[in-house]
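Beneath this line is the structure, given in structure tokens, with notes to follow.
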Amino acid sequence: MRASHAPAEPEKPELVFEKPIRRSASPEEAREALSSQHLQVKNAWEHPGVYAWGSNGGRVVDPESSEPVVKTPKRLRYFDGQLLRDLKLDQNFGAAITEKGDLVQWGVAFDPAATSPVATLRGKDLVKISLSRDRIIALSRDGSVYSVPVSSQAQKAGEKPSEGSWVPFWSGRSSVSYSPLAPAGLGWGEKIVDVKCGLDHCLLRTSKGRVFSAAASSQSFPSHGQLGVPGLTWQTRPKGPFYQPHEVEGLGGHAIKSIAAGDFHSLALDKNGQIYAFGDNSYGQLGSETLLGRPFVDNPTPVRVDKLYRGSGLAPRVTSIAAGGLNSFFTVDATPIAQDRATAVQGRTVAETWACGEGIKGTLGNGKWTHISGVPTKIKALSDLSEYSERTNTVVPIRIAQVAAGGSHACAILDNATNVSAEQSRSSSDTNFGRDVMWWGGNEFHQLGTGKRSNLNTPTYIAPLDGQEAGESARFQLTPRRTARLGEGGSGRKVSMEQKVELGRQVTAVYSST
């Protein structure tokens, strides 16, 4: 007898509710999803501050941490939300100028017990600083120059100058010891507009293109010819303070527009595109062969850039200079010579970058490990670059906006086309993007920011500051100057700002600048 089974109940249909239709992403959301560069620009505006990496033995990169190195960019918490006028770092101390013009300092050479930057020299309306071995050379908006000891103890124990006040018949003493650097013989309306330091010396450039030099270290008097004053030594110095400025008379009449200083050498560039170099040439950092038994040059000497272009059909003009450690760098616009146009490169101006000095750590950027460079060497990765200009409908050279040089590493900021006005476009594919930056040289303390420790002898990109993977589509870029609103969603005050790079001895930083 067959067992009977109840008929199976029909399956109940599954009720499917209509899913809400997701609205199309806004143009801004689409841009963020499309471009890493767009996100970097947005983050720079919404979250200004300082990123630092490299050696932390002097608690400069991260004053709150005892870790010896910081391998990749890390925010220095004290400066979150701040814009700075200037920032300079050394391996054992750091200094910055706040948006109000006050000096702040940190690091073990300033105060071994401090775990956060401290305001020191106030009320001077400072606009620029440079660091020597143990002093800060600070420039105010009115052209006054102050030589401030790095050490907090020295600032408290040293002689404090008397200062006037806006209150009639009242004056007092500075709370910080410093020495004013006041060149003698400045003309009517002439003032100091730039300062640069080596380990023991500083250069001062005036608004009329004159250059003065001075001792800038409490530990030793400049003795490598870097002051540019023939015969000047500790024994022959004139009466008066040892740090008094001396005019570099060998540069007289040349209308200097830019100055640079390495550890023990100096560079000056005049308005005609001619470089003058003086100081230590032991590694060829003056752009010429070292003379046997005469490694120092104490008189400004022209760098023969024209020899580098002999037979090329191009006429060179130096457009910028930089120096750091035992190296010098300069950029050149090479223009076709009219009577020899056939040999020129496509009849257009070529922008090139050159380096000289020590290269054993790759700081020459030429793909080689060279101990000494007797003559300047071209950095091919930063030379003869070009891009299409939509504005002129032509191919134009990509120049170098700036070369920054540390003790043994360097970076180049490219002057490539940028865009910081995407929000004015209706297209979601119109994204913001900034300036490309390439890095090379010594990396023993991870100061290149690659996350690795190997030195690099060829310029390369690094990952964005927010930790995305490196590569052509996701590489670090600097945000160019733009008037923007700070804070999340642009809810804060409106300011003109940009990002800048600072390279010190074994340390690197990127900061938001007013």
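Residue numbering restarts at 1 for every chain of the structure tokens, chains are lettered A, B, ... in their displayed order, and ligands are numbered from 1 as they appear.
Near Val501 in chain A, within 7 Å and counting only C-alpha atoms, sit Ala509, Val510 and Tyr511 of chain A, not including residues fewer than 4 positions from it in the same chain.
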May I have the residues within 8 Å of Ala138 in chain A as a list in words, using only C-alpha atoms and disregarding those fewer than 5 positions away in the same chain? Leu126, Val127, Lys128, Ile129, Ser130, Val145, Tyr146, Ser147, Val148 and Val195 of chain A
Would you pick out the contacts of Ala422 in chain A at 8 Å or less, using only C-alpha atoms, so that residues sharing its chain but fewer than 3 positions from it are not included, and give the list as a VMD selection string? chain A and resid 419 425 430 to 432
Would you save the residues of that selection, restricted to C-alpha atoms, as a CSV table (one decimal), in the first residue's frame?
chain,number,residue,atom,x,y,z
A,419,ASN,CA,44.9,73.9,-11.3
A,425,SER,CA,33.8,74.1,-13.3
A,430,ASP,CA,38.0,68.9,-13.8
A,431,THR,CA,40.2,68.3,-10.8
A,432,ASN,CA,42.7,70.3,-8.8
Using DSSP on the backbone, list every residue of range 439-480 of chain A that comes out as strand (DSSP E), and give them as a list in words. Trp439, Trp440, Gly441, Leu456, Asn457, Thr458, Pro459, Thr460, Gln477 and Leu478 of chain A
Output the selection as a compact mmCIF listing (two decimals), in the first residue's frame - N, CA and C atoms for each residue.
# COMPACT_ATOMS: atom_id res chain seq x y z
N TRP A 439 62.72 63.81 -5.40
CA TRP A 439 63.66 63.75 -4.28
C TRP A 439 64.84 62.84 -4.62
N TRP A 440 66.01 63.15 -4.04
CA TRP A 440 67.18 62.29 -4.26
C TRP A 440 68.25 62.59 -3.20
N GLY A 441 69.27 61.70 -3.13
CA GLY A 441 70.41 61.92 -2.24
C GLY A 441 70.45 60.97 -1.06
N LEU A 456 69.41 57.48 -2.94
CA LEU A 456 68.94 57.54 -4.32
C LEU A 456 69.80 58.52 -5.11
N ASN A 457 70.34 58.06 -6.25
CA ASN A 457 71.16 58.96 -7.06
C ASN A 457 70.40 59.52 -8.27
N THR A 458 69.10 59.24 -8.34
CA THR A 458 68.25 59.77 -9.40
C THR A 458 66.97 60.30 -8.78
N PRO A 459 66.51 61.49 -9.18
CA PRO A 459 65.27 62.04 -8.62
C PRO A 459 64.08 61.10 -8.79
N THR A 460 63.26 61.02 -7.74
CA THR A 460 62.10 60.13 -7.76
C THR A 460 60.94 60.76 -7.02
N GLN A 477 52.32 65.97 -4.25
CA GLN A 477 52.39 67.25 -4.92
C GLN A 477 52.24 68.37 -3.90
N LEU A 478 52.84 69.53 -4.21
CA LEU A 478 52.70 70.71 -3.38
C LEU A 478 51.53 71.56 -3.89
Do you know which residues are at most 9 Å from range 51-60 of chain A counting only C-alpha atoms, after dropping those on the same chain fewer than 3 positions away, and could you put them as a PyMOL selection string? chain A and resi 63-77+89-94+106-109+112+115+443-449+465+505-511
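With CA of Lys124 in chain A on one side and CA of Leu103 in chain A on the other, the separation reads 8.8 Å.
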Residues at most 7 Å from range 371-388 of chain A, counting only C-alpha atoms, excluding those fewer than 3 positions away in the same chain, as a list of chain:residue names? A:Tyr283, A:Gly284, A:Gly287, A:Ser288, A:Glu289, A:Thr290, A:Val350, A:Ala351, A:Glu352, A:Thr353, A:Trp354, A:Ala355, A:Cys356, A:Gly357, A:Glu358, A:Gly359, A:Ile360, A:Gly365, A:Asn366, A:Asn393, A:Thr394, A:Val395, A:Val396, A:Pro397, A:Ile398, A:Pro459
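Distances to Ser132 in chain A were evaluated for A:Gly325, A:Ser36, A:Asn299, A:Trp234 using only C-alpha atoms, and the minimum falls at A:Gly325.
Look at Ala277 in chain A: the protein and nucleic acid residues within 6 Å of it, using only C-alpha atoms and passing over chain neighbours fewer than 5 places away, are Ser266, Leu267, Leu286, Pro300 and Thr301 of chain A.
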Per DSSP on the backbone, filter range 339-492 of chain A down to the residues in helix (DSSP H, G or I) and report them as number ranges by chain. A: 339-343, 380-382, 422-424, 488-490
Keeping only N, CA and C atoms, take the residues you just selected and write them out as a PDB file, in the first residue's frame.
ATOM      1  N   GLN A 339      72.365  82.690 -35.096  1.00  0.00           N
ATOM      2  CA  GLN A 339      73.141  82.333 -36.266  1.00  0.00           C
ATOM      3  C   GLN A 339      73.439  80.844 -36.349  1.00  0.00           C
ATOM      4  N   ASP A 340      73.082  80.099 -35.312  1.00  0.00           N
ATOM      5  CA  ASP A 340      73.358  78.667 -35.324  1.00  0.00           C
ATOM      6  C   ASP A 340      72.081  77.897 -34.970  1.00  0.00           C
ATOM      7  N   ARG A 341      70.937  78.391 -35.408  1.00  0.00           N
ATOM      8  CA  ARG A 341      69.658  77.817 -35.023  1.00  0.00           C
ATOM      9  C   ARG A 341      69.521  76.371 -35.485  1.00  0.00           C
ATOM     10  N   ALA A 342      70.205  76.006 -36.556  1.00  0.00           N
ATOM     11  CA  ALA A 342      70.055  74.652 -37.098  1.00  0.00           C
ATOM     12  C   ALA A 342      70.529  73.595 -36.116  1.00  0.00           C
ATOM     13  N   THR A 343      71.478  73.950 -35.244  1.00  0.00           N
ATOM     14  CA  THR A 343      71.999  72.971 -34.293  1.00  0.00           C
ATOM     15  C   THR A 343      71.256  72.995 -32.970  1.00  0.00           C
ATOM     16  N   LYS A 380      69.774  64.885 -15.553  1.00  0.00           N
ATOM     17  CA  LYS A 380      68.970  64.631 -16.749  1.00  0.00           C
ATOM     18  C   LYS A 380      67.486  64.482 -16.434  1.00  0.00           C
ATOM     19  N   ALA A 381      67.179  63.898 -15.281  1.00  0.00           N
ATOM     20  CA  ALA A 381      65.768  63.697 -14.926  1.00  0.00           C
ATOM     21  C   ALA A 381      65.032  65.013 -14.716  1.00  0.00           C
ATOM     22  N   LEU A 382      65.781  66.116 -14.546  1.00  0.00           N
ATOM     23  CA  LEU A 382      65.178  67.422 -14.316  1.00  0.00           C
ATOM     24  C   LEU A 382      65.501  68.397 -15.442  1.00  0.00           C
ATOM     25  N   ALA A 422      39.041  74.087  -9.579  1.00  0.00           N
ATOM     26  CA  ALA A 422      38.122  73.089 -10.130  1.00  0.00           C
ATOM     27  C   ALA A 422      36.670  73.355  -9.735  1.00  0.00           C
ATOM     28  N   GLU A 423      36.463  73.945  -8.552  1.00  0.00           N
ATOM     29  CA  GLU A 423      35.094  74.140  -8.085  1.00  0.00           C
ATOM     30  C   GLU A 423      34.315  75.137  -8.958  1.00  0.00           C
ATOM     31  N   GLN A 424      35.041  75.891  -9.778  1.00  0.00           N
ATOM     32  CA  GLN A 424      34.383  76.838 -10.665  1.00  0.00           C
ATOM     33  C   GLN A 424      33.884  76.168 -11.950  1.00  0.00           C
ATOM     34  N   GLU A 488      37.453  72.348   7.818  1.00  0.00           N
ATOM     35  CA  GLU A 488      36.624  71.342   7.172  1.00  0.00           C
ATOM     36  C   GLU A 488      35.529  72.000   6.353  1.00  0.00           C
ATOM     37  N   GLY A 489      35.475  71.623   5.077  1.00  0.00           N
ATOM     38  CA  GLY A 489      34.443  72.157   4.213  1.00  0.00           C
ATOM     39  C   GLY A 489      34.585  73.635   3.909  1.00  0.00           C
ATOM     40  N   GLY A 490      35.779  74.201   4.157  1.00  0.00           N
ATOM     41  CA  GLY A 490      35.986  75.621   3.883  1.00  0.00           C
ATOM     42  C   GLY A 490      35.172  76.526   4.777  1.00  0.00           C
TER      43      GLY A 490
END
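Relative to CA of Lys196 in chain A, CA of Ala323 in chain A is found at 9.7 Å.
Considering the residues A:Gln244, A:Thr98, A:Thr514, A:Thr319 and counting only C-alpha atoms, Tyr78 in chain A has its shortest atom-to-atom contact with A:Thr98.
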Residue neighbourhood Pro149 in chain A, 9 Å, only C-alpha atoms, exclusion window fewer than 4 positions, as a count of residues only: 14
Closest pair table for range 403-493 of chain A residues within 12 Å of range 38-45 of chain A, only C-alpha atoms, as JSON lines:
{"residue": "A:Thr418", "atom": "CA", "partner": "A:Val41", "partner_atom": "CA", "distance": 10.7}
{"residue": "A:Asn419", "atom": "CA", "partner": "A:His38", "partner_atom": "CA", "distance": 9.3}
{"residue": "A:Val420", "atom": "CA", "partner": "A:Val41", "partner_atom": "CA", "distance": 7.7}
{"residue": "A:Ser421", "atom": "CA", "partner": "A:Val41", "partner_atom": "CA", "distance": 10.5}
{"residue": "A:Ala422", "atom": "CA", "partner": "A:His38", "partner_atom": "CA", "distance": 8.9}
{"residue": "A:Glu423", "atom": "CA", "partner": "A:His38", "partner_atom": "CA", "distance": 10.8}
{"residue": "A:Ser428", "atom": "CA", "partner": "A:His38", "partner_atom": "CA", "distance": 11.4}
{"residue": "A:Ser429", "atom": "CA", "partner": "A:His38", "partner_atom": "CA", "distance": 10.5}
{"residue": "A:Asp430", "atom": "CA", "partner": "A:His38", "partner_atom": "CA", "distance": 9.4}
{"residue": "A:Thr431", "atom": "CA", "partner": "A:His38", "partner_atom": "CA", "distance": 5.6}
{"residue": "A:Asn432", "atom": "CA", "partner": "A:His38", "partner_atom": "CA", "distance": 4.6}
{"residue": "A:Phe433", "atom": "CA", "partner": "A:His38", "partner_atom": "CA", "distance": 5.5}
{"residue": "A:Gly434", "atom": "CA", "partner": "A:Val41", "partner_atom": "CA", "distance": 7.1}
{"residue": "A:Arg435", "atom": "CA", "partner": "A:Val41", "partner_atom": "CA", "distance": 10.3}
{"residue": "A:Asp436", "atom": "CA", "partner": "A:Gln40", "partner_atom": "CA", "distance": 11.9}
{"residue": "A:Ala463", "atom": "CA", "partner": "A:Gln40", "partner_atom": "CA", "distance": 11.0}
{"residue": "A:Pro464", "atom": "CA", "partner": "A:Gln40", "partner_atom": "CA", "distance": 7.4}
{"residue": "A:Leu465", "atom": "CA", "partner": "A:Gln40", "partner_atom": "CA", "distance": 7.9}
{"residue": "A:Asp466", "atom": "CA", "partner": "A:Gln40", "partner_atom": "CA", "distance": 7.8}
{"residue": "A:Gly467", "atom": "CA", "partner": "A:Gln40", "partner_atom": "CA", "distance": 10.8}
{"residue": "A:Gln468", "atom": "CA", "partner": "A:Gln40", "partner_atom": "CA", "distance": 10.3}
{"residue": "A:Ser473", "atom": "CA", "partner": "A:His38", "partner_atom": "CA", "distance": 11.2}
{"residue": "A:Ala474", "atom": "CA", "partner": "A:Gln40", "partner_atom": "CA", "distance": 9.8}
{"residue": "A:Arg475", "atom": "CA", "partner": "A:Gln40", "partner_atom": "CA", "distance": 9.7}
{"residue": "A:Phe476", "atom": "CA", "partner": "A:Gln40", "partner_atom": "CA", "distance": 8.0}
{"residue": "A:Gln477", "atom": "CA", "partner": "A:Gln40", "partner_atom": "CA", "distance": 7.4}
{"residue": "A:Leu478", "atom": "CA", "partner": "A:Val41", "partner_atom": "CA", "distance": 7.9}
{"residue": "A:Thr479", "atom": "CA", "partner": "A:Val41", "partner_atom": "CA", "distance": 5.6}
{"residue": "A:Pro480", "atom": "CA", "partner": "A:Val41", "partner_atom": "CA", "distance": 8.7}
{"residue": "A:Arg481", "atom": "CA", "partner": "A:Trp45", "partner_atom": "CA", "distance": 10.4}
{"residue": "A:Arg482", "atom": "CA", "partner": "A:Trp45", "partner_atom": "CA", "distance": 9.2}
{"residue": "A:Thr483", "atom": "CA", "partner": "A:Trp45", "partner_atom": "CA", "distance": 9.4}
{"residue": "A:Ala484", "atom": "CA", "partner": "A:Trp45", "partner_atom": "CA", "distance": 6.6}
{"residue": "A:Arg485", "atom": "CA", "partner": "A:Trp45", "partner_atom": "CA", "distance": 6.8}
{"residue": "A:Leu486", "atom": "CA", "partner": "A:Trp45", "partner_atom": "CA", "distance": 5.5}
{"residue": "A:Gly487", "atom": "CA", "partner": "A:Trp45", "partner_atom": "CA", "distance": 7.1}
{"residue": "A:Glu488", "atom": "CA", "partner": "A:Trp45", "partner_atom": "CA", "distance": 8.6}
{"residue": "A:Gly489", "atom": "CA", "partner": "A:Lys42", "partner_atom": "CA", "distance": 9.0}
{"residue": "A:Gly490", "atom": "CA", "partner": "A:Trp45", "partner_atom": "CA", "distance": 7.7}
{"residue": "A:Ser491", "atom": "CA", "partner": "A:Trp45", "partner_atom": "CA", "distance": 10.6}
{"residue": "A:Gly492", "atom": "CA", "partner": "A:Trp45", "partner_atom": "CA", "distance": 10.0}
{"residue": "A:Arg493", "atom": "CA", "partner": "A:Trp45", "partner_atom": "CA", "distance": 10.9}
Keeping only C-alpha atoms, write the selected residues to a file as a PDB file, in the first residue's frame.
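Contents of result_4.pdb, as written:
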ATOM      1  CA  THR A 418      48.640  73.515 -11.938  1.00  0.00           C
ATOM      2  CA  ASN A 419      44.924  73.922 -11.295  1.00  0.00           C
ATOM      3  CA  VAL A 420      43.330  75.130  -8.063  1.00  0.00           C
ATOM      4  CA  SER A 421      39.969  76.338  -9.355  1.00  0.00           C
ATOM      5  CA  ALA A 422      38.122  73.089 -10.130  1.00  0.00           C
ATOM      6  CA  GLU A 423      35.094  74.140  -8.085  1.00  0.00           C
ATOM      7  CA  SER A 428      33.285  66.404 -12.414  1.00  0.00           C
ATOM      8  CA  SER A 429      36.437  65.438 -14.321  1.00  0.00           C
ATOM      9  CA  ASP A 430      38.002  68.881 -13.842  1.00  0.00           C
ATOM     10  CA  THR A 431      40.224  68.253 -10.809  1.00  0.00           C
ATOM     11  CA  ASN A 432      42.700  70.309  -8.810  1.00  0.00           C
ATOM     12  CA  PHE A 433      46.382  69.385  -8.998  1.00  0.00           C
ATOM     13  CA  GLY A 434      49.597  70.952  -7.737  1.00  0.00           C
ATOM     14  CA  ARG A 435      53.315  71.020  -8.395  1.00  0.00           C
ATOM     15  CA  ASP A 436      55.291  67.817  -8.753  1.00  0.00           C
ATOM     16  CA  ALA A 463      53.821  58.917  -1.823  1.00  0.00           C
ATOM     17  CA  PRO A 464      51.291  61.596  -0.863  1.00  0.00           C
ATOM     18  CA  LEU A 465      51.381  62.926   2.687  1.00  0.00           C
ATOM     19  CA  ASP A 466      48.175  61.083   3.554  1.00  0.00           C
ATOM     20  CA  GLY A 467      49.889  57.710   3.096  1.00  0.00           C
ATOM     21  CA  GLN A 468      48.526  56.627  -0.288  1.00  0.00           C
ATOM     22  CA  SER A 473      48.700  58.463 -10.442  1.00  0.00           C
ATOM     23  CA  ALA A 474      49.240  58.904  -6.685  1.00  0.00           C
ATOM     24  CA  ARG A 475      52.365  60.920  -6.013  1.00  0.00           C
ATOM     25  CA  PHE A 476      53.047  63.754  -3.610  1.00  0.00           C
ATOM     26  CA  GLN A 477      52.392  67.252  -4.924  1.00  0.00           C
ATOM     27  CA  LEU A 478      52.697  70.715  -3.384  1.00  0.00           C
ATOM     28  CA  THR A 479      49.629  72.924  -3.337  1.00  0.00           C
ATOM     29  CA  PRO A 480      50.408  76.272  -5.044  1.00  0.00           C
ATOM     30  CA  ARG A 481      49.371  79.658  -3.674  1.00  0.00           C
ATOM     31  CA  ARG A 482      45.665  80.318  -3.632  1.00  0.00           C
ATOM     32  CA  THR A 483      43.205  82.306  -1.545  1.00  0.00           C
ATOM     33  CA  ALA A 484      41.125  79.683   0.246  1.00  0.00           C
ATOM     34  CA  ARG A 485      39.087  79.121   3.367  1.00  0.00           C
ATOM     35  CA  LEU A 486      40.668  77.015   6.103  1.00  0.00           C
ATOM     36  CA  GLY A 487      38.914  74.229   7.991  1.00  0.00           C
ATOM     37  CA  GLU A 488      36.624  71.342   7.172  1.00  0.00           C
ATOM     38  CA  GLY A 489      34.443  72.157   4.213  1.00  0.00           C
ATOM     39  CA  GLY A 490      35.986  75.621   3.883  1.00  0.00           C
ATOM     40  CA  SER A 491      34.209  76.883   6.990  1.00  0.00           C
ATOM     41  CA  GLY A 492      37.085  78.925   8.416  1.00  0.00           C
ATOM     42  CA  ARG A 493      38.745  82.233   7.673  1.00  0.00           C
TER      43      ARG A 493
END
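Considering only C-alpha atoms, the residue among A:Leu232, A:Ala96, A:Ala157, A:Ala114 positioned nearest to Leu131 in chain A is A:Ala96.
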Which is closer to Arg205 in chain A than all the others in A:Gln219, A:Pro161, A:Arg31, A:Ile256, using only C-alpha atoms? A:Ile256
